[in-house]
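Trainee: Below is the file structure14.txt, with compact mmCIF, C-alpha atoms and all ligand atoms.
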```
# COMPACT_ATOMS: atom_id res chain seq x y z
CA MET A 25 -17.96 25.70 -19.75
CA PRO A 26 -18.67 24.41 -16.20
CA PRO A 27 -17.01 21.07 -15.31
CA HIS A 28 -19.02 18.07 -16.50
CA VAL A 29 -19.29 14.52 -15.13
CA PHE A 30 -20.85 11.24 -16.23
CA PHE A 31 -23.50 10.39 -13.64
CA HIS A 32 -26.80 8.48 -13.67
CA LYS A 33 -26.04 7.24 -17.22
CA ARG A 34 -25.59 10.70 -18.78
CA PHE A 35 -23.27 13.68 -18.99
CA MET A 36 -24.25 16.59 -16.74
CA PRO A 37 -22.69 19.60 -14.96
CA LEU A 38 -20.79 18.63 -11.80
CA SER A 39 -23.01 21.00 -9.78
CA GLU A 40 -26.08 18.84 -10.62
CA ALA A 41 -24.51 15.47 -9.70
CA LYS A 42 -25.56 14.74 -6.11
CA ILE A 43 -25.94 11.58 -4.03
CA GLY A 44 -28.13 10.96 -0.99
CA ILE A 45 -26.71 10.85 2.52
CA LEU A 46 -27.85 7.24 2.98
CA THR A 47 -25.81 5.96 0.03
CA HIS A 48 -24.38 2.58 1.05
CA ALA A 49 -20.86 3.26 -0.28
CA LEU A 50 -20.57 6.42 1.81
CA HIS A 51 -21.18 4.49 5.03
CA TYR A 52 -19.33 1.24 4.32
CA GLY A 53 -16.71 1.98 1.63
CA THR A 54 -18.47 -0.43 -0.73
CA ALA A 55 -17.13 1.01 -3.97
CA CYS A 56 -14.14 0.71 -6.23
CA PHE A 57 -12.46 3.25 -8.42
CA GLU A 58 -9.74 3.87 -10.97
CA GLY A 59 -7.28 6.66 -11.59
CA ILE A 60 -6.57 7.30 -15.27
CA ARG A 61 -4.31 9.95 -16.74
CA GLY A 62 -5.13 12.25 -19.59
CA ASN A 63 -1.69 13.66 -20.45
CA TRP A 64 -1.94 17.01 -22.23
CA ASP A 65 0.36 17.46 -25.21
CA SER A 66 0.62 21.22 -25.69
CA GLU A 67 2.51 20.88 -29.01
CA ARG A 68 -0.13 18.67 -30.65
CA GLY A 69 -3.10 20.14 -28.80
CA ASN A 70 -4.49 16.79 -27.66
CA PHE A 71 -4.71 14.46 -24.67
CA SER A 72 -3.13 11.06 -24.53
CA LEU A 73 -5.24 8.74 -22.38
CA PHE A 74 -2.78 6.23 -21.00
CA ARG A 75 -3.65 2.48 -20.96
CA VAL A 76 -7.30 3.28 -20.44
CA GLU A 77 -8.42 -0.26 -21.35
CA ASP A 78 -6.13 -1.79 -18.75
CA HIS A 79 -7.54 0.53 -16.09
CA TYR A 80 -11.10 -0.54 -16.88
CA LYS A 81 -10.15 -4.24 -16.94
CA ARG A 82 -8.77 -3.78 -13.42
CA MET A 83 -11.86 -1.89 -12.37
CA LEU A 84 -14.08 -4.73 -13.55
CA ASN A 85 -12.02 -7.08 -11.35
CA GLY A 86 -12.68 -4.78 -8.39
CA CYS A 87 -16.40 -4.89 -9.26
CA ARG A 88 -16.32 -8.69 -9.26
CA ILE A 89 -14.76 -8.70 -5.78
CA LEU A 90 -17.44 -6.29 -4.52
CA ARG A 91 -20.27 -7.91 -6.51
CA ILE A 92 -20.96 -4.66 -8.30
CA ASN A 93 -22.80 -5.17 -11.55
CA LEU A 94 -21.45 -2.65 -14.04
CA PRO A 95 -23.62 -2.67 -17.17
CA TYR A 96 -20.84 -1.47 -19.50
CA SER A 97 -18.16 -3.24 -21.51
CA VAL A 98 -14.53 -2.12 -21.34
CA ASN A 99 -14.99 -0.59 -24.82
CA LYS A 100 -18.02 1.41 -23.76
CA LEU A 101 -16.24 2.63 -20.59
CA CYS A 102 -13.29 3.80 -22.70
CA GLN A 103 -15.67 5.57 -25.09
CA LEU A 104 -17.48 7.35 -22.22
CA THR A 105 -14.13 8.45 -20.79
CA SER A 106 -12.95 9.89 -24.11
CA GLU A 107 -16.23 11.72 -24.53
CA LEU A 108 -16.08 13.22 -21.04
CA LEU A 109 -12.51 14.38 -21.68
CA GLU A 110 -13.50 15.88 -25.04
CA ARG A 111 -16.28 17.81 -23.35
CA SER A 112 -14.18 18.90 -20.36
CA GLY A 113 -12.55 21.88 -22.05
CA TYR A 114 -9.34 21.35 -20.03
CA ARG A 115 -5.99 21.92 -21.71
CA GLU A 116 -3.63 20.60 -19.05
CA ASP A 117 -2.77 17.25 -17.44
CA VAL A 118 -5.88 15.69 -15.94
CA TYR A 119 -6.78 12.81 -13.67
CA ILE A 120 -9.91 10.82 -14.46
CA ARG A 121 -11.72 9.08 -11.63
CA PRO A 122 -14.36 6.45 -12.50
CA LEU A 123 -16.20 5.11 -9.45
CA ALA A 124 -18.49 2.07 -9.28
CA TYR A 125 -20.47 1.98 -6.06
CA LYS A 126 -23.26 0.47 -4.04
CA SER A 127 -25.84 3.17 -4.54
CA SER A 128 -28.78 1.81 -2.51
CA GLU A 129 -29.91 4.16 0.21
CA ALA A 130 -30.04 1.37 2.77
CA LEU A 131 -28.34 0.67 6.06
CA GLY A 132 -26.77 -2.74 6.77
CA VAL A 133 -23.30 -4.07 6.07
CA ARG A 134 -23.36 -6.46 3.10
CA LEU A 135 -22.68 -6.72 -0.60
CA HIS A 136 -25.81 -8.54 -1.72
CA GLU A 137 -29.26 -7.19 -2.59
CA LEU A 138 -28.09 -3.66 -3.22
CA GLU A 139 -28.25 -1.46 -6.32
CA ASP A 140 -25.10 -0.28 -8.06
CA ASP A 141 -24.24 2.89 -9.92
CA PHE A 142 -21.30 4.33 -11.78
CA LEU A 143 -19.84 7.80 -12.35
CA ILE A 144 -16.78 9.44 -13.90
CA ILE A 145 -15.22 12.76 -12.96
CA VAL A 146 -12.24 14.54 -14.51
CA THR A 147 -10.06 17.11 -12.80
CA PRO A 148 -6.77 18.93 -13.53
CA PHE A 149 -3.89 17.22 -11.70
CA PRO A 150 -0.11 17.79 -11.84
CA PRO A 151 2.26 14.93 -10.77
CA TYR A 152 1.14 14.01 -7.25
CA LEU A 153 4.53 13.78 -5.53
CA GLY A 154 6.64 16.01 -7.78
CA THR A 155 9.50 14.70 -9.91
CA LYS A 156 12.54 16.06 -8.08
CA GLY A 157 13.09 13.49 -5.34
CA ILE A 158 11.01 12.76 -2.25
CA ARG A 159 11.62 11.76 1.38
CA CYS A 160 9.82 8.66 2.67
CA CYS A 161 9.40 6.76 5.91
CA THR A 162 8.42 3.18 6.58
CA SER A 163 4.96 3.33 8.09
CA SER A 164 4.00 2.10 11.54
CA TRP A 165 0.77 0.95 9.83
CA ARG A 166 0.95 -2.43 8.09
CA ARG A 167 -0.44 -2.98 4.59
CA VAL A 168 -3.94 -4.43 4.60
CA ASP A 169 -3.79 -8.14 3.77
CA ASP A 170 -5.57 -10.03 0.99
CA THR A 171 -7.23 -12.04 3.77
CA ALA A 172 -8.84 -8.82 5.08
CA ILE A 173 -9.61 -6.59 2.07
CA PRO A 174 -8.11 -7.66 -1.28
CA PRO A 175 -5.60 -4.94 -2.32
CA ARG A 176 -5.85 -6.29 -5.90
CA GLY A 177 -8.74 -3.98 -6.64
CA LYS A 178 -8.90 -0.26 -5.89
CA ILE A 179 -11.56 -0.77 -3.25
CA CYS A 180 -12.58 2.46 -1.51
CA GLY A 181 -12.62 1.05 2.04
CA THR A 182 -9.00 -0.08 1.66
CA TYR A 183 -7.89 3.50 1.29
CA VAL A 184 -8.46 4.15 5.00
CA ASN A 185 -5.29 2.06 5.42
CA SER A 186 -3.49 4.38 2.98
CA ALA A 187 -4.92 7.54 4.56
CA LEU A 188 -3.72 6.52 8.05
CA ALA A 189 -0.20 5.95 6.75
CA LYS A 190 -0.10 9.06 4.56
CA THR A 191 -1.15 11.43 7.33
CA GLU A 192 1.26 9.85 9.81
CA ALA A 193 4.08 10.36 7.27
CA TRP A 194 3.04 13.93 6.53
CA GLU A 195 2.75 14.86 10.22
CA ASN A 196 6.26 13.50 10.74
CA GLY A 197 7.61 15.68 7.92
CA PHE A 198 7.87 13.06 5.13
CA ASP A 199 6.41 13.17 1.63
CA GLU A 200 5.19 9.57 1.52
CA ALA A 201 4.92 6.36 3.56
CA ILE A 202 6.11 2.89 2.57
CA PHE A 203 4.02 0.04 3.91
CA LEU A 204 5.43 -3.23 5.20
CA THR A 205 3.36 -6.41 5.18
CA HIS A 206 2.40 -8.20 8.40
CA ASP A 207 5.57 -10.27 8.24
CA GLY A 208 7.72 -7.18 7.67
CA HIS A 209 8.38 -7.28 3.92
CA VAL A 210 8.24 -4.13 1.82
CA SER A 211 4.84 -3.80 0.13
CA GLU A 212 4.16 -0.42 -1.55
CA GLY A 213 3.43 3.27 -1.01
CA THR A 214 0.01 4.60 -0.04
CA GLY A 215 -0.91 5.05 -3.70
CA GLU A 216 2.16 3.83 -5.58
CA ASN A 217 4.28 0.75 -6.20
CA ILE A 218 7.94 0.74 -5.24
CA PHE A 219 11.10 -0.20 -7.16
CA LEU A 220 14.68 -0.56 -5.94
CA VAL A 221 17.82 -0.71 -8.06
CA ILE A 222 20.16 -3.40 -6.73
CA ASN A 223 23.30 -4.40 -8.65
CA GLY A 224 22.00 -2.53 -11.69
CA GLU A 225 18.74 -4.54 -11.81
CA LEU A 226 15.24 -3.50 -10.80
CA VAL A 227 13.69 -5.23 -7.80
CA THR A 228 10.02 -4.83 -6.88
CA PRO A 229 7.71 -6.66 -4.42
CA PRO A 230 5.50 -9.43 -5.87
CA SER A 231 1.69 -9.43 -6.02
CA SER A 232 1.65 -11.83 -3.04
CA ASP A 233 2.94 -9.01 -0.82
CA ASN A 234 -0.42 -7.22 -0.92
CA ILE A 235 0.34 -4.68 -3.62
CA LEU A 236 -2.01 -3.27 -6.18
CA LEU A 237 -0.74 -4.60 -9.51
CA GLY A 238 0.02 -1.16 -10.89
CA ILE A 239 -0.29 -0.27 -14.54
CA THR A 240 2.64 2.13 -14.16
CA ARG A 241 4.60 -0.72 -12.50
CA ASP A 242 3.93 -2.92 -15.53
CA THR A 243 4.86 -0.06 -17.88
CA VAL A 244 8.18 0.53 -16.11
CA ILE A 245 9.03 -3.21 -16.11
CA LYS A 246 8.42 -3.35 -19.89
CA LEU A 247 10.28 -0.11 -20.65
CA ALA A 248 13.29 -1.19 -18.56
CA LYS A 249 13.46 -4.53 -20.37
CA ASN A 250 12.74 -3.40 -23.93
CA GLU A 251 14.46 -0.04 -24.03
CA LEU A 252 17.31 -0.32 -21.50
CA ALA A 253 17.90 -4.09 -21.31
CA VAL A 254 17.42 -3.81 -17.54
CA HIS A 255 15.80 -6.88 -15.98
CA THR A 256 13.20 -6.67 -13.16
CA ILE A 257 13.09 -9.23 -10.36
CA GLU A 258 9.71 -9.55 -8.61
CA ARG A 259 10.55 -10.92 -5.18
CA GLN A 260 10.11 -10.32 -1.45
CA VAL A 261 12.06 -7.27 -0.29
CA ASP A 262 13.40 -6.77 3.24
CA ARG A 263 13.20 -3.38 4.93
CA SER A 264 17.01 -3.14 5.22
CA GLU A 265 17.31 -3.50 1.44
CA LEU A 266 15.61 -0.12 1.15
CA TYR A 267 18.53 1.45 3.00
CA LEU A 268 21.16 -0.28 0.85
CA ALA A 269 19.56 0.16 -2.60
CA GLU A 270 21.51 2.05 -5.24
CA GLU A 271 18.33 3.83 -6.36
CA CYS A 272 14.68 3.78 -5.40
CA PHE A 273 11.48 5.19 -6.89
CA LEU A 274 7.69 5.02 -6.67
CA THR A 275 5.33 4.48 -9.62
CA GLY A 276 1.65 5.31 -9.99
CA THR A 277 -0.84 6.95 -12.28
CA ALA A 278 -1.11 10.03 -10.07
CA ALA A 279 2.59 10.16 -9.15
CA HIS A 280 4.06 8.99 -12.51
CA MET A 281 7.63 8.09 -11.45
CA ALA A 282 8.67 9.74 -8.18
CA PRO A 283 12.36 9.28 -7.31
CA ILE A 284 13.05 8.63 -3.60
CA VAL A 285 16.19 10.30 -2.27
CA GLU A 286 15.79 9.46 1.43
CA ILE A 287 14.04 6.76 3.50
CA ASP A 288 13.83 6.90 7.32
CA HIS A 289 16.40 9.76 7.28
CA ARG A 290 18.91 7.61 5.35
CA PRO A 291 20.05 8.80 1.91
CA ILE A 292 19.38 6.42 -0.98
CA GLY A 293 22.63 5.89 -2.90
CA ASN A 294 24.43 9.22 -2.82
CA GLY A 295 21.18 11.04 -1.96
CA GLU A 296 20.57 12.19 -5.54
CA ILE A 297 18.28 10.84 -8.24
CA GLY A 298 19.94 7.75 -9.77
CA LYS A 299 20.98 7.16 -13.40
CA ILE A 300 18.51 4.36 -14.19
CA THR A 301 15.67 6.34 -12.59
CA ILE A 302 16.47 9.39 -14.75
CA GLU A 303 16.59 7.29 -17.95
CA LEU A 304 13.30 5.60 -17.11
CA GLN A 305 11.65 8.93 -16.26
CA LYS A 306 12.65 10.26 -19.68
CA LEU A 307 11.31 7.19 -21.49
CA PHE A 308 8.13 7.21 -19.41
CA LYS A 309 7.41 10.83 -20.30
CA GLU A 310 7.70 10.08 -24.04
CA VAL A 311 5.58 6.96 -23.77
CA ILE A 312 2.65 8.52 -21.90
CA LEU A 313 2.39 11.18 -24.59
CA GLY A 314 2.31 8.52 -27.31
CA ARG A 315 5.69 9.60 -28.71
CA ASN A 316 7.35 6.19 -28.64
CA PRO A 317 6.28 4.11 -31.67
CA ASN A 318 7.00 0.80 -29.88
CA TYR A 319 3.81 0.98 -27.79
CA PRO A 320 1.03 1.94 -30.23
CA ASP A 321 -1.78 0.42 -28.12
CA TRP A 322 -1.03 2.23 -24.90
CA CYS A 323 -2.28 5.71 -25.79
CA THR A 324 -5.70 6.88 -26.96
CA MET A 325 -5.57 10.36 -28.46
CA VAL A 326 -8.44 12.69 -27.56
CA SER A 327 -8.87 16.20 -28.92
CA PRO A 328 -10.84 18.68 -26.83
CA LYS A 329 -13.97 19.96 -28.58
CA LEU A 330 -13.92 23.64 -29.42
CA ILE A 331 -15.73 25.37 -26.58
CA LYS A 332 -17.48 28.69 -27.13
CA ALA A 333 -16.10 31.45 -24.89
C1 LIG B 401 -2.31 1.39 -3.36
C2 LIG B 401 -1.82 1.67 -4.74
N1 LIG B 401 -0.72 1.03 -5.18
C3 LIG B 401 -0.23 1.25 -6.41
C4 LIG B 401 -0.83 2.15 -7.27
C5 LIG B 401 -0.26 2.35 -8.64
O1 LIG B 401 -1.09 1.80 -9.62
P1 LIG B 401 -1.19 2.41 -11.07
O2 LIG B 401 0.20 2.49 -11.59
O3 LIG B 401 -2.02 1.46 -11.83
O4 LIG B 401 -1.81 3.76 -10.95
C6 LIG B 401 -1.97 2.84 -6.85
C7 LIG B 401 -2.63 3.81 -7.73
O5 LIG B 401 -3.54 3.54 -8.42
C8 LIG B 401 -2.49 2.57 -5.57
O6 LIG B 401 -3.59 3.21 -5.14
```
Represent the supplied structure as structure tokens.
Mentor:
Amino acid sequence: MPPHVFFHKRFMPLSEAKIGILTHALHYGTACFEGIRGNWDSERGNFSLFRVEDHYKRMLNGCRILRINLPYSVNKLCQLTSELLERSGYREDVYIRPLAYKSSEALGVRLHELEDDFLIIVTPFPPYLGTKGIRCCTSSWRRVDDTAIPPRGKICGTYVNSALAKTEAWENGFDEAIFLTHDGHVSEGTGENIFLVINGELVTPPSSDNILLGITRDTVIKLAKNELAVHTIERQVDRSELYLAEECFLTGTAAHMAPIVEIDHRPIGNGEIGKITIELQKLFKEVILGRNPNYPDWCTMVSPKLIKA
């Protein structure tokens, strides 16, 4: 079964889904996307789509910012996503990428008087940064500000900011970059939110520090509170607090929970993955597979259709 996508309002083979070279979004970044996980449960033989509704609610916010008119309800978008996953034939962890974009083949920077379109692709994807502990640097690039491009939506053009920082980090031998805001407060990773453990509590930057309000961030805050009685403080974080934190980790749909063991060549804590991080990672793994009964609304189970050989 060749990979399938949802494109031009129908399911079709990936090889048939093409866009023209004048497409507005290609030239000006006028699009927004989501990243949704289908977590494969090999024991039960099904996928667990994690918080798919919340992803589409956020995507619709991005569309409002970009004045993209998406003619689907959240329910319909969830249904299309389940159907694409059913048809995909994959039996491993996948990443689902819906994209809403300015599809007019027209030059000229603007948002108005342009047509919109929508597509969904699905692709196999293991945890993006690994789970064993990563090395980060603070980036020389500052996080794009809400006064420039709102980081509240996953707007394609914004990701040039992330790409600059990611490649700088990679070329300098690090796994990931941590952005500071213009006034020097810790913001987030290039595709993840950041948490610190300070005095046994979780600390994470607030939405006013130009972060994407991550669904994994929200999940971790709730799991820490409900399951471990660990409180999260959302407040401004100074760079030096990164160096003094007891533990530190990144959260994101692609990365899941990625423990940080070193920042700017300084070990975090004793340089090993911390206790609270390990407990949260364990809980998170159960929850994304729908194995924790306390969160019945977070997972949508999808069984792959039997595909003829
Ligand atoms: C810039 C940025 N921050 C944070 C996140 C984490 O958000 P979520 O947990 O909803 O995937 C992402 C990934 O989507 C991102 O691109």
Trainee: Which residues are close to A:His289, i.e. within 9 Å by only C-alpha atoms, leaving aside same-chain residues fewer than 4 positions away? Reply as a ChimeraX atom specification.
Mentor: /A:159-161
Trainee: So the first atom is atom CA of A:Arg166 and the second is atom CA of A:Leu274; what is the distance between them in Å, to one decimal place?
Mentor: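 Computed distance, atom CA of A:Arg166 to atom CA of A:Leu274, equals 17.9 Å.
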Trainee: Kindly indicate which residue among A:Pro95, A:Gly86, A:Gly293, A:Gly59 lies nearest to A:Asp140, using all atoms listed in the file for the distances.
Mentor: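 Nearest to A:Asp140: A:Pro95.
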Trainee: Rank nothing, just name the residue among A:Glu258, A:Glu139, A:Asp233, A:Glu58 nearest to A:Gly177, using all atoms listed in the file.
Mentor: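 Looking at the shortest contact to A:Gly177, the residue is A:Glu58.
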Trainee: Out of A:Phe30, A:Phe198, A:Phe308, A:Trp165, which residue has the shortest atom-to-atom distance to A:Glu251 when counting all atoms listed in the file?
Mentor: A:Phe308
Trainee: Counting all atoms listed in the file, which residues of chain A fall within 7 Å of ligand LIG 401 (chain B), and what is the closest atom pair for each with its distance in Å at one decimal, ordered by chain and rising number, as CSV?
Mentor:
```
residue,atom,partner,partner_atom,distance
A:Glu58,CA,B:LIG401,O5,6.7
A:Gly59,CA,B:LIG401,O5,5.8
A:Lys178,CA,B:LIG401,O6,6.4
A:Glu212,CA,B:LIG401,N1,6.3
A:Gly213,CA,B:LIG401,N1,6.3
A:Thr214,CA,B:LIG401,C1,5.2
A:Gly215,CA,B:LIG401,C8,3.5
A:Glu216,CA,B:LIG401,C3,3.6
A:Asn217,CA,B:LIG401,C3,4.5
A:Ile235,CA,B:LIG401,N1,6.0
A:Leu236,CA,B:LIG401,N1,4.6
A:Leu237,CA,B:LIG401,O1,6.4
A:Gly238,CA,B:LIG401,O1,3.4
A:Ile239,CA,B:LIG401,O3,3.7
A:Thr240,CA,B:LIG401,O2,3.6
A:Arg241,CA,B:LIG401,O2,5.5
A:Thr275,CA,B:LIG401,O2,5.8
A:Gly276,CA,B:LIG401,O2,3.6
A:Thr277,CA,B:LIG401,O4,3.6
A:Ala278,CA,B:LIG401,O4,6.4
```
Trainee: Would you list the contacts of A:Gly181 as a PyMOL selection string, taking every protein, DNA or RNA residue within 10 Å and counting all atoms listed in the file, but skipping same-chain residues closer than 4 positions in sequence?
Mentor: chain A and resi 49-56+173+185-186
Trainee: Could you work out how far atom CA of A:Thr301 lies from atom CA of A:Cys272, giving the answer in Å with one decimal?
Mentor: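 Atom-to-atom, atom CA of A:Cys272 to atom CA of A:Thr301, that is 7.7 Å.
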Trainee: Which of these, A:Asn63, A:Asn93, A:Thr243, A:Ser106, has the shortest distance to A:Phe149 once you count only C-alpha atoms?
Mentor: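 Looking only at the distances to A:Phe149, the closest residue turns out to be A:Asn63.
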Trainee: Emit a file covering stretch 165-176 of chain A of the preceding structure with N, CA and C atoms, as a PDB file, in the first residue's frame.
Mentor:
```
ATOM      1  N   TRP A 165      20.458  33.249  18.641  1.00  0.00           N
ATOM      2  CA  TRP A 165      19.243  33.807  18.029  1.00  0.00           C
ATOM      3  C   TRP A 165      18.201  33.997  19.104  1.00  0.00           C
ATOM      4  N   ARG A 166      17.493  35.130  19.099  1.00  0.00           N
ATOM      5  CA  ARG A 166      16.433  35.372  20.074  1.00  0.00           C
ATOM      6  C   ARG A 166      15.106  34.837  19.537  1.00  0.00           C
ATOM      7  N   ARG A 167      14.224  34.456  20.464  1.00  0.00           N
ATOM      8  CA  ARG A 167      12.910  33.940  20.078  1.00  0.00           C
ATOM      9  C   ARG A 167      12.089  35.053  19.432  1.00  0.00           C
ATOM     10  N   VAL A 168      11.456  34.720  18.324  1.00  0.00           N
ATOM     11  CA  VAL A 168      10.600  35.692  17.639  1.00  0.00           C
ATOM     12  C   VAL A 168       9.502  36.163  18.605  1.00  0.00           C
ATOM     13  N   ASP A 169       9.220  37.463  18.554  1.00  0.00           N
ATOM     14  CA  ASP A 169       8.304  38.063  19.528  1.00  0.00           C
ATOM     15  C   ASP A 169       6.868  38.097  18.991  1.00  0.00           C
ATOM     16  N   ASP A 170       5.924  38.083  19.927  1.00  0.00           N
ATOM     17  CA  ASP A 170       4.501  38.175  19.552  1.00  0.00           C
ATOM     18  C   ASP A 170       4.209  39.452  18.746  1.00  0.00           C
ATOM     19  N   THR A 171       5.056  40.469  18.908  1.00  0.00           N
ATOM     20  CA  THR A 171       4.862  41.709  18.149  1.00  0.00           C
ATOM     21  C   THR A 171       5.370  41.582  16.712  1.00  0.00           C
ATOM     22  N   ALA A 172       6.079  40.461  16.421  1.00  0.00           N
ATOM     23  CA  ALA A 172       6.597  40.257  15.059  1.00  0.00           C
ATOM     24  C   ALA A 172       5.790  39.173  14.341  1.00  0.00           C
ATOM     25  N   ILE A 173       5.902  37.947  14.830  1.00  0.00           N
ATOM     26  CA  ILE A 173       5.044  36.849  14.331  1.00  0.00           C
ATOM     27  C   ILE A 173       4.541  36.112  15.570  1.00  0.00           C
ATOM     28  N   PRO A 174       3.230  36.031  15.781  1.00  0.00           N
ATOM     29  CA  PRO A 174       2.732  35.410  17.011  1.00  0.00           C
ATOM     30  C   PRO A 174       3.178  33.949  17.157  1.00  0.00           C
ATOM     31  N   PRO A 175       3.970  33.624  18.188  1.00  0.00           N
ATOM     32  CA  PRO A 175       4.402  32.230  18.365  1.00  0.00           C
ATOM     33  C   PRO A 175       3.283  31.333  18.897  1.00  0.00           C
ATOM     34  N   ARG A 176       2.133  31.915  19.207  1.00  0.00           N
ATOM     35  CA  ARG A 176       0.970  31.182  19.717  1.00  0.00           C
ATOM     36  C   ARG A 176       0.392  30.161  18.747  1.00  0.00           C
TER      37      ARG A 176
END
```
